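Structure file upload.cif; described as mmCIF, N, CA and C atoms.
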```cif
data_target
#
loop_
_atom_site.label_atom_id
_atom_site.label_comp_id
_atom_site.auth_asym_id
_atom_site.auth_seq_id
_atom_site.Cartn_x
_atom_site.Cartn_y
_atom_site.Cartn_z
N MET A 1 124.23 222.81 -151.36
CA MET A 1 123.94 224.03 -150.65
C MET A 1 124.57 225.18 -151.41
N GLU A 2 123.93 226.32 -151.40
CA GLU A 2 124.47 227.51 -152.03
C GLU A 2 124.54 228.65 -151.02
N ILE A 3 125.64 229.39 -151.06
CA ILE A 3 125.76 230.58 -150.22
C ILE A 3 126.31 231.72 -151.07
N THR A 4 125.94 232.93 -150.70
CA THR A 4 126.45 234.12 -151.35
C THR A 4 127.06 235.00 -150.28
N GLY A 5 128.27 235.47 -150.54
CA GLY A 5 128.93 236.30 -149.55
C GLY A 5 130.10 237.04 -150.17
N ARG A 6 130.79 237.79 -149.33
CA ARG A 6 131.95 238.56 -149.77
C ARG A 6 133.23 237.85 -149.36
N LEU A 7 134.23 237.94 -150.24
CA LEU A 7 135.53 237.35 -149.96
C LEU A 7 136.24 238.18 -148.90
N THR A 8 136.78 237.53 -147.89
CA THR A 8 137.43 238.24 -146.79
C THR A 8 138.91 238.53 -147.07
N ALA A 9 139.48 237.89 -148.08
CA ALA A 9 140.88 238.10 -148.48
C ALA A 9 141.05 237.56 -149.89
N ASP A 10 142.14 237.91 -150.54
CA ASP A 10 142.44 237.34 -151.85
C ASP A 10 142.64 235.83 -151.71
N ALA A 11 142.19 235.08 -152.71
CA ALA A 11 142.35 233.62 -152.71
C ALA A 11 143.82 233.27 -152.84
N ILE A 12 144.18 232.11 -152.30
CA ILE A 12 145.55 231.61 -152.44
C ILE A 12 145.51 230.23 -153.07
N ILE A 13 146.59 229.88 -153.75
CA ILE A 13 146.73 228.55 -154.33
C ILE A 13 147.61 227.74 -153.40
N ALA A 14 147.11 226.60 -152.95
CA ALA A 14 147.85 225.74 -152.04
C ALA A 14 148.17 224.42 -152.74
N THR A 15 149.21 223.77 -152.29
CA THR A 15 149.61 222.48 -152.84
C THR A 15 149.61 221.46 -151.71
N THR A 16 148.99 220.31 -151.96
CA THR A 16 148.94 219.24 -150.96
C THR A 16 150.26 218.48 -150.94
N ALA A 17 150.42 217.60 -149.97
CA ALA A 17 151.63 216.78 -149.87
C ALA A 17 151.80 215.88 -151.10
N LYS A 18 150.70 215.52 -151.75
CA LYS A 18 150.75 214.68 -152.95
C LYS A 18 150.95 215.49 -154.22
N GLY A 19 151.06 216.81 -154.10
CA GLY A 19 151.30 217.66 -155.26
C GLY A 19 150.05 218.19 -155.95
N ASN A 20 148.87 217.89 -155.41
CA ASN A 20 147.63 218.43 -155.98
C ASN A 20 147.46 219.89 -155.58
N GLN A 21 146.93 220.70 -156.48
CA GLN A 21 146.72 222.11 -156.18
C GLN A 21 145.24 222.41 -155.97
N LEU A 22 144.97 223.36 -155.10
CA LEU A 22 143.61 223.80 -154.83
C LEU A 22 143.61 225.28 -154.53
N VAL A 23 142.44 225.89 -154.64
CA VAL A 23 142.27 227.30 -154.33
C VAL A 23 141.59 227.39 -152.96
N LYS A 24 142.19 228.17 -152.06
CA LYS A 24 141.62 228.37 -150.73
C LYS A 24 141.22 229.83 -150.58
N PHE A 25 140.02 230.03 -150.04
CA PHE A 25 139.53 231.38 -149.80
C PHE A 25 138.49 231.34 -148.69
N SER A 26 138.12 232.52 -148.20
CA SER A 26 137.17 232.63 -147.10
C SER A 26 136.04 233.58 -147.51
N ILE A 27 134.82 233.21 -147.14
CA ILE A 27 133.64 234.02 -147.44
C ILE A 27 132.93 234.38 -146.14
N ALA A 28 132.44 235.61 -146.08
CA ALA A 28 131.62 236.06 -144.94
C ALA A 28 130.21 236.30 -145.43
N THR A 29 129.23 235.77 -144.68
CA THR A 29 127.82 236.02 -144.98
C THR A 29 127.22 236.80 -143.82
N ASN A 30 126.24 237.64 -144.11
CA ASN A 30 125.59 238.45 -143.09
C ASN A 30 124.11 238.10 -143.02
N HIS A 31 123.60 238.06 -141.80
CA HIS A 31 122.16 237.87 -141.58
C HIS A 31 121.71 238.98 -140.64
N ARG A 32 120.80 239.83 -141.13
CA ARG A 32 120.29 240.94 -140.33
C ARG A 32 118.84 240.66 -139.94
N TYR A 33 118.52 241.01 -138.70
CA TYR A 33 117.15 240.83 -138.24
C TYR A 33 116.86 241.82 -137.12
N LYS A 34 115.58 241.93 -136.78
CA LYS A 34 115.16 242.84 -135.72
C LYS A 34 114.59 242.00 -134.58
N THR A 35 115.01 242.28 -133.34
CA THR A 35 114.53 241.54 -132.17
C THR A 35 113.11 242.00 -131.82
N LYS A 36 112.47 241.29 -130.90
CA LYS A 36 111.13 241.67 -130.44
C LYS A 36 111.13 243.06 -129.81
N GLU A 37 112.27 243.45 -129.26
CA GLU A 37 112.40 244.77 -128.63
C GLU A 37 112.67 245.86 -129.66
N GLY A 38 112.79 245.51 -130.93
CA GLY A 38 113.03 246.49 -131.98
C GLY A 38 114.50 246.80 -132.23
N GLU A 39 115.38 246.03 -131.62
CA GLU A 39 116.82 246.26 -131.79
C GLU A 39 117.32 245.53 -133.05
N ASN A 40 118.10 246.23 -133.86
CA ASN A 40 118.67 245.62 -135.05
C ASN A 40 119.88 244.78 -134.68
N LYS A 41 119.93 243.56 -135.18
CA LYS A 41 121.03 242.64 -134.91
C LYS A 41 121.61 242.17 -136.23
N GLU A 42 122.88 241.81 -136.20
CA GLU A 42 123.55 241.25 -137.38
C GLU A 42 124.44 240.10 -136.93
N VAL A 43 124.33 238.99 -137.65
CA VAL A 43 125.16 237.83 -137.39
C VAL A 43 126.02 237.59 -138.63
N VAL A 44 127.32 237.53 -138.43
CA VAL A 44 128.25 237.28 -139.54
C VAL A 44 128.79 235.85 -139.38
N THR A 45 128.75 235.08 -140.46
CA THR A 45 129.25 233.72 -140.45
C THR A 45 130.38 233.61 -141.47
N PHE A 46 131.48 233.00 -141.07
CA PHE A 46 132.64 232.85 -141.94
C PHE A 46 132.76 231.40 -142.39
N PHE A 47 133.05 231.21 -143.67
CA PHE A 47 133.25 229.88 -144.25
C PHE A 47 134.65 229.81 -144.85
N SER A 48 135.42 228.79 -144.49
CA SER A 48 136.70 228.51 -145.15
C SER A 48 136.38 227.63 -146.35
N CYS A 49 136.75 228.09 -147.55
CA CYS A 49 136.37 227.39 -148.77
C CYS A 49 137.57 226.77 -149.46
N SER A 50 137.32 225.62 -150.11
CA SER A 50 138.35 224.98 -150.93
C SER A 50 137.72 224.59 -152.26
N TYR A 51 138.46 224.90 -153.34
CA TYR A 51 137.99 224.64 -154.71
C TYR A 51 139.09 223.87 -155.44
N TRP A 52 138.79 222.67 -155.90
CA TRP A 52 139.78 221.77 -156.47
C TRP A 52 139.75 221.70 -158.00
N LEU A 53 138.73 222.22 -158.65
CA LEU A 53 138.53 221.96 -160.07
C LEU A 53 139.49 222.71 -160.98
N SER A 54 139.82 223.97 -160.67
CA SER A 54 140.74 224.75 -161.51
C SER A 54 141.34 225.87 -160.68
N ILE A 55 142.66 225.97 -160.73
CA ILE A 55 143.31 227.03 -159.96
C ILE A 55 143.24 228.37 -160.68
N ASN A 56 142.79 228.38 -161.94
CA ASN A 56 142.73 229.62 -162.71
C ASN A 56 141.74 230.63 -162.14
N ILE A 57 140.77 230.17 -161.37
CA ILE A 57 139.77 231.08 -160.79
C ILE A 57 140.37 231.97 -159.72
N ALA A 58 141.51 231.59 -159.16
CA ALA A 58 142.10 232.32 -158.03
C ALA A 58 142.35 233.79 -158.35
N LYS A 59 142.74 234.10 -159.58
CA LYS A 59 143.05 235.50 -159.91
C LYS A 59 141.81 236.39 -159.89
N TYR A 60 140.62 235.81 -159.93
CA TYR A 60 139.38 236.59 -159.89
C TYR A 60 138.77 236.67 -158.49
N LEU A 61 139.25 235.86 -157.57
CA LEU A 61 138.71 235.84 -156.21
C LEU A 61 139.51 236.80 -155.34
N LEU A 62 139.09 238.06 -155.39
CA LEU A 62 139.80 239.13 -154.69
C LEU A 62 138.99 239.65 -153.52
N LYS A 63 139.67 240.10 -152.51
CA LYS A 63 139.04 240.60 -151.29
C LYS A 63 137.92 241.58 -151.61
N GLY A 64 136.76 241.36 -150.99
CA GLY A 64 135.61 242.25 -151.16
C GLY A 64 134.68 241.83 -152.28
N GLY A 65 135.11 240.92 -153.15
CA GLY A 65 134.27 240.48 -154.26
C GLY A 65 133.06 239.70 -153.77
N LEU A 66 131.94 239.86 -154.46
CA LEU A 66 130.72 239.14 -154.12
C LEU A 66 130.68 237.87 -154.95
N VAL A 67 130.57 236.71 -154.29
CA VAL A 67 130.55 235.43 -154.99
C VAL A 67 129.42 234.56 -154.47
N GLU A 68 128.98 233.68 -155.34
CA GLU A 68 128.01 232.65 -154.97
C GLU A 68 128.70 231.31 -155.19
N VAL A 69 128.69 230.47 -154.19
CA VAL A 69 129.32 229.16 -154.30
C VAL A 69 128.30 228.08 -153.98
N SER A 70 128.47 226.94 -154.62
CA SER A 70 127.63 225.78 -154.29
C SER A 70 128.54 224.62 -153.97
N GLY A 71 128.09 223.77 -153.10
CA GLY A 71 128.89 222.62 -152.67
C GLY A 71 128.32 222.05 -151.38
N ARG A 72 129.21 221.56 -150.55
CA ARG A 72 128.76 220.98 -149.27
C ARG A 72 129.54 221.59 -148.11
N VAL A 73 128.90 221.62 -146.96
CA VAL A 73 129.48 222.20 -145.75
C VAL A 73 129.88 221.09 -144.79
N SER A 74 131.00 221.28 -144.13
CA SER A 74 131.39 220.38 -143.05
C SER A 74 131.88 221.24 -141.88
N ALA A 75 131.85 220.68 -140.70
CA ALA A 75 132.30 221.38 -139.51
C ALA A 75 133.62 220.75 -139.04
N SER A 76 134.46 221.57 -138.44
CA SER A 76 135.71 221.05 -137.89
C SER A 76 135.87 221.57 -136.47
N ALA A 77 136.45 220.74 -135.63
CA ALA A 77 136.75 221.13 -134.25
C ALA A 77 138.24 220.88 -134.01
N TYR A 78 138.88 221.79 -133.28
CA TYR A 78 140.31 221.66 -133.04
C TYR A 78 140.68 222.45 -131.80
N LEU A 79 141.92 222.27 -131.34
CA LEU A 79 142.45 223.02 -130.22
C LEU A 79 143.45 224.03 -130.76
N ASP A 80 143.33 225.29 -130.33
CA ASP A 80 144.27 226.31 -130.80
C ASP A 80 145.60 226.18 -130.05
N SER A 81 146.52 227.08 -130.30
CA SER A 81 147.86 227.00 -129.70
C SER A 81 147.84 227.12 -128.17
N LYS A 82 146.77 227.69 -127.63
CA LYS A 82 146.64 227.83 -126.17
C LYS A 82 145.87 226.67 -125.55
N GLY A 83 145.46 225.70 -126.39
CA GLY A 83 144.71 224.56 -125.88
C GLY A 83 143.22 224.81 -125.78
N GLU A 84 142.76 225.94 -126.29
CA GLU A 84 141.34 226.30 -126.25
C GLU A 84 140.61 225.58 -127.39
N PRO A 85 139.43 225.04 -127.11
CA PRO A 85 138.67 224.39 -128.19
C PRO A 85 138.10 225.43 -129.16
N LYS A 86 138.19 225.15 -130.44
CA LYS A 86 137.69 226.02 -131.49
C LYS A 86 136.90 225.18 -132.50
N ALA A 87 136.08 225.86 -133.29
CA ALA A 87 135.31 225.18 -134.34
C ALA A 87 135.27 226.07 -135.57
N GLY A 88 135.05 225.48 -136.71
CA GLY A 88 134.98 226.24 -137.95
C GLY A 88 134.07 225.55 -138.96
N LEU A 89 133.64 226.31 -139.96
CA LEU A 89 132.82 225.77 -141.04
C LEU A 89 133.66 225.72 -142.31
N ASN A 90 133.70 224.57 -142.93
CA ASN A 90 134.43 224.39 -144.19
C ASN A 90 133.42 224.19 -145.31
N PHE A 91 133.67 224.84 -146.44
CA PHE A 91 132.78 224.72 -147.59
C PHE A 91 133.57 224.12 -148.73
N HIS A 92 133.18 222.93 -149.18
CA HIS A 92 133.83 222.23 -150.28
C HIS A 92 133.09 222.63 -151.56
N VAL A 93 133.70 223.52 -152.33
CA VAL A 93 133.04 224.21 -153.43
C VAL A 93 133.05 223.36 -154.71
N ASN A 94 131.87 223.26 -155.35
CA ASN A 94 131.75 222.59 -156.65
C ASN A 94 131.69 223.60 -157.78
N SER A 95 131.10 224.77 -157.52
CA SER A 95 131.03 225.81 -158.56
C SER A 95 131.08 227.18 -157.91
N VAL A 96 131.63 228.15 -158.68
CA VAL A 96 131.78 229.53 -158.23
C VAL A 96 131.16 230.44 -159.28
N THR A 97 130.32 231.38 -158.83
CA THR A 97 129.77 232.41 -159.71
C THR A 97 130.19 233.76 -159.16
N LEU A 98 130.83 234.56 -160.01
CA LEU A 98 131.28 235.90 -159.62
C LEU A 98 130.13 236.87 -159.84
N HIS A 99 129.77 237.64 -158.80
CA HIS A 99 128.63 238.55 -158.89
C HIS A 99 129.00 240.02 -158.82
N GLY A 100 130.16 240.35 -158.37
CA GLY A 100 130.44 241.77 -158.23
C GLY A 100 131.90 242.05 -158.17
N GLY A 101 132.18 243.32 -157.96
CA GLY A 101 133.57 243.76 -157.94
C GLY A 101 134.15 243.72 -156.55
N HIS A 102 135.42 243.94 -156.50
CA HIS A 102 136.13 244.06 -155.23
C HIS A 102 136.52 245.52 -155.06
N LYS A 103 136.89 245.89 -153.87
CA LYS A 103 137.29 247.27 -153.62
C LYS A 103 138.81 247.35 -153.60
N LYS A 104 139.32 248.24 -154.41
CA LYS A 104 140.77 248.44 -154.47
C LYS A 104 141.02 249.93 -154.30
N ASN A 105 141.76 250.29 -153.26
CA ASN A 105 142.04 251.70 -152.96
C ASN A 105 140.75 252.51 -152.79
N GLY A 106 139.72 251.91 -152.19
CA GLY A 106 138.47 252.62 -151.93
C GLY A 106 137.53 252.70 -153.11
N GLU A 107 137.96 252.23 -154.28
CA GLU A 107 137.09 252.27 -155.46
C GLU A 107 136.59 250.88 -155.76
N SER A 108 135.35 250.79 -156.16
CA SER A 108 134.79 249.50 -156.55
C SER A 108 135.19 249.20 -157.98
N THR A 109 135.74 248.02 -158.19
CA THR A 109 136.19 247.61 -159.51
C THR A 109 135.47 246.34 -159.91
N ALA A 110 134.91 246.32 -161.08
CA ALA A 110 134.21 245.12 -161.55
C ALA A 110 135.21 244.00 -161.77
N VAL A 111 134.81 242.80 -161.39
CA VAL A 111 135.64 241.63 -161.64
C VAL A 111 135.38 241.19 -163.06
N SER A 112 136.42 241.17 -163.86
CA SER A 112 136.24 240.78 -165.25
C SER A 112 136.39 239.28 -165.38
N SER A 113 135.81 238.75 -166.41
CA SER A 113 135.94 237.33 -166.68
C SER A 113 136.69 237.17 -167.98
N ILE A 114 137.08 235.94 -168.25
CA ILE A 114 137.78 235.67 -169.49
C ILE A 114 136.79 235.81 -170.62
N GLN A 115 137.13 236.61 -171.62
CA GLN A 115 136.22 236.85 -172.74
C GLN A 115 136.81 236.29 -174.01
N GLU A 116 135.92 235.83 -174.88
CA GLU A 116 136.34 235.34 -176.18
C GLU A 116 136.76 236.52 -177.03
N PRO A 117 137.75 236.34 -177.92
CA PRO A 117 138.13 237.45 -178.79
C PRO A 117 137.00 237.80 -179.74
N ALA A 118 136.90 239.09 -180.10
CA ALA A 118 135.86 239.54 -181.02
C ALA A 118 136.10 238.95 -182.40
N PRO A 119 135.02 238.63 -183.13
CA PRO A 119 135.21 238.10 -184.47
C PRO A 119 135.82 239.17 -185.37
N PRO A 120 136.60 238.78 -186.38
CA PRO A 120 137.23 239.77 -187.24
C PRO A 120 136.17 240.55 -188.00
N ALA A 121 136.43 241.83 -188.23
CA ALA A 121 135.49 242.69 -188.95
C ALA A 121 135.51 242.31 -190.44
N ALA A 122 134.34 242.43 -191.06
CA ALA A 122 134.23 242.11 -192.49
C ALA A 122 134.93 243.20 -193.28
N PRO A 123 135.62 242.85 -194.36
CA PRO A 123 136.27 243.88 -195.18
C PRO A 123 135.21 244.82 -195.77
N GLU A 124 135.58 246.10 -195.94
CA GLU A 124 134.63 247.10 -196.42
C GLU A 124 134.15 246.81 -197.85
N ASP A 125 134.98 246.21 -198.68
CA ASP A 125 134.57 245.97 -200.05
C ASP A 125 133.67 244.75 -200.20
N ASP A 126 133.37 244.08 -199.08
CA ASP A 126 132.55 242.88 -199.13
C ASP A 126 131.16 243.19 -198.59
N LEU A 127 130.65 244.37 -198.78
CA LEU A 127 129.34 244.76 -198.28
C LEU A 127 128.26 244.15 -199.14
N PRO A 128 127.13 243.74 -198.55
CA PRO A 128 126.08 243.06 -199.31
C PRO A 128 125.22 243.99 -200.16
N PHE A 129 125.47 245.27 -200.24
CA PHE A 129 124.64 246.18 -201.06
C PHE A 129 125.44 246.97 -202.04
#
```

Please re-express this file's structure in structure tokens.
Amino acid sequence: MEITGRLTADAIIATTAKGNQLVKFSIATNHRYKTKEGENKEVVTFFSCSYWLSINIAKYLLKGGLVEVSGRVSASAYLDSKGEPKAGLNFHVNSVTLHGGHKKNGESTAVSSIQEPAPPAAPEDDLPF
């Protein structure tokens, strides 16, 4: 399954009891539609995501960034501190694609990726003409 949404907070790196590390983050998706009465509606769905393949991606997963993730979804049910039943959607991520920037201090900033260094420039005296 693939979903595209905005990050609701900066990603965090968590460590399991066995010492394994993973990246945890949350994505919000929006679905807009118009009712038969002509009223505009919007449904927001939140996914709690976990990514186990590399913790290096965490520095790029910043609040407000647009990401596309693929993986599988599972549902969880639990009781909150007041004993009320709650449910959530968990997304077990296999791949992450960064699509946009995050907002920092009201300005949109492009999310950069790791880039290969530029090849060295040819010396001027080695010109082919």

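Nearest residue to Thr29 of chain A, choosing from A:Thr4, A:Ser76, A:Thr15, A:Ser48 and counting only C-alpha atoms: A:Thr4.
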
Selection in question (the file shown): the PyMOL selection byres ((chain A and resi 26) around 7). Which residues does it include, as a list in words?
Arg6, Leu7, Thr8, Ala9, Asp10, Ala11, Lys24, Phe25, Ile27, Ala28, Phe46, Phe47, Ser48 and Cys49 of chain A

Could you list, as a ChimeraX atom specification, every residue matched by the PyMOL selection byres ((chain A and resi 53) around 8) in this structure?
/A:21-23,50-52,54-57,93-94

Can you work out which one of A:Val43, A:Ala17, A:Ile12, A:Ile3 has the shortest atom-to-atom distance to Val67 of chain A, counting all atoms listed in the file?
A:Ile3

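Relative to atom CA of Ala58 of chain A, atom CA of Ile13 of chain A is found at 7.0 Å.
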
Applied to this file, what does the PyMOL selection byres ((chain A and resi 87) around 8) return in terms of residues, put as a PyMOL selection string?
chain A and resi 75-80+84-86+88-90

Exercise: Glu2 of chain A partners within 7 Å, all atoms listed in the file, chain neighbours under 3 positions left out, as a PyMOL selection string
chain A and resi 68-71

Suppose you want the space between atom C of Gly100 of chain A and atom CA of Lys41 of chain A; what is it in Å?
25.7 Å

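Going from atom C of Tyr33 of chain A to atom N of Thr45 of chain A covers 14.1 Å.
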
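For the residues A:Thr97, A:Thr16, A:Asn30, A:Ser81, ranking by smallest atom-to-atom distance to Leu66 of chain A using only C-alpha atoms places A:Thr97 first.
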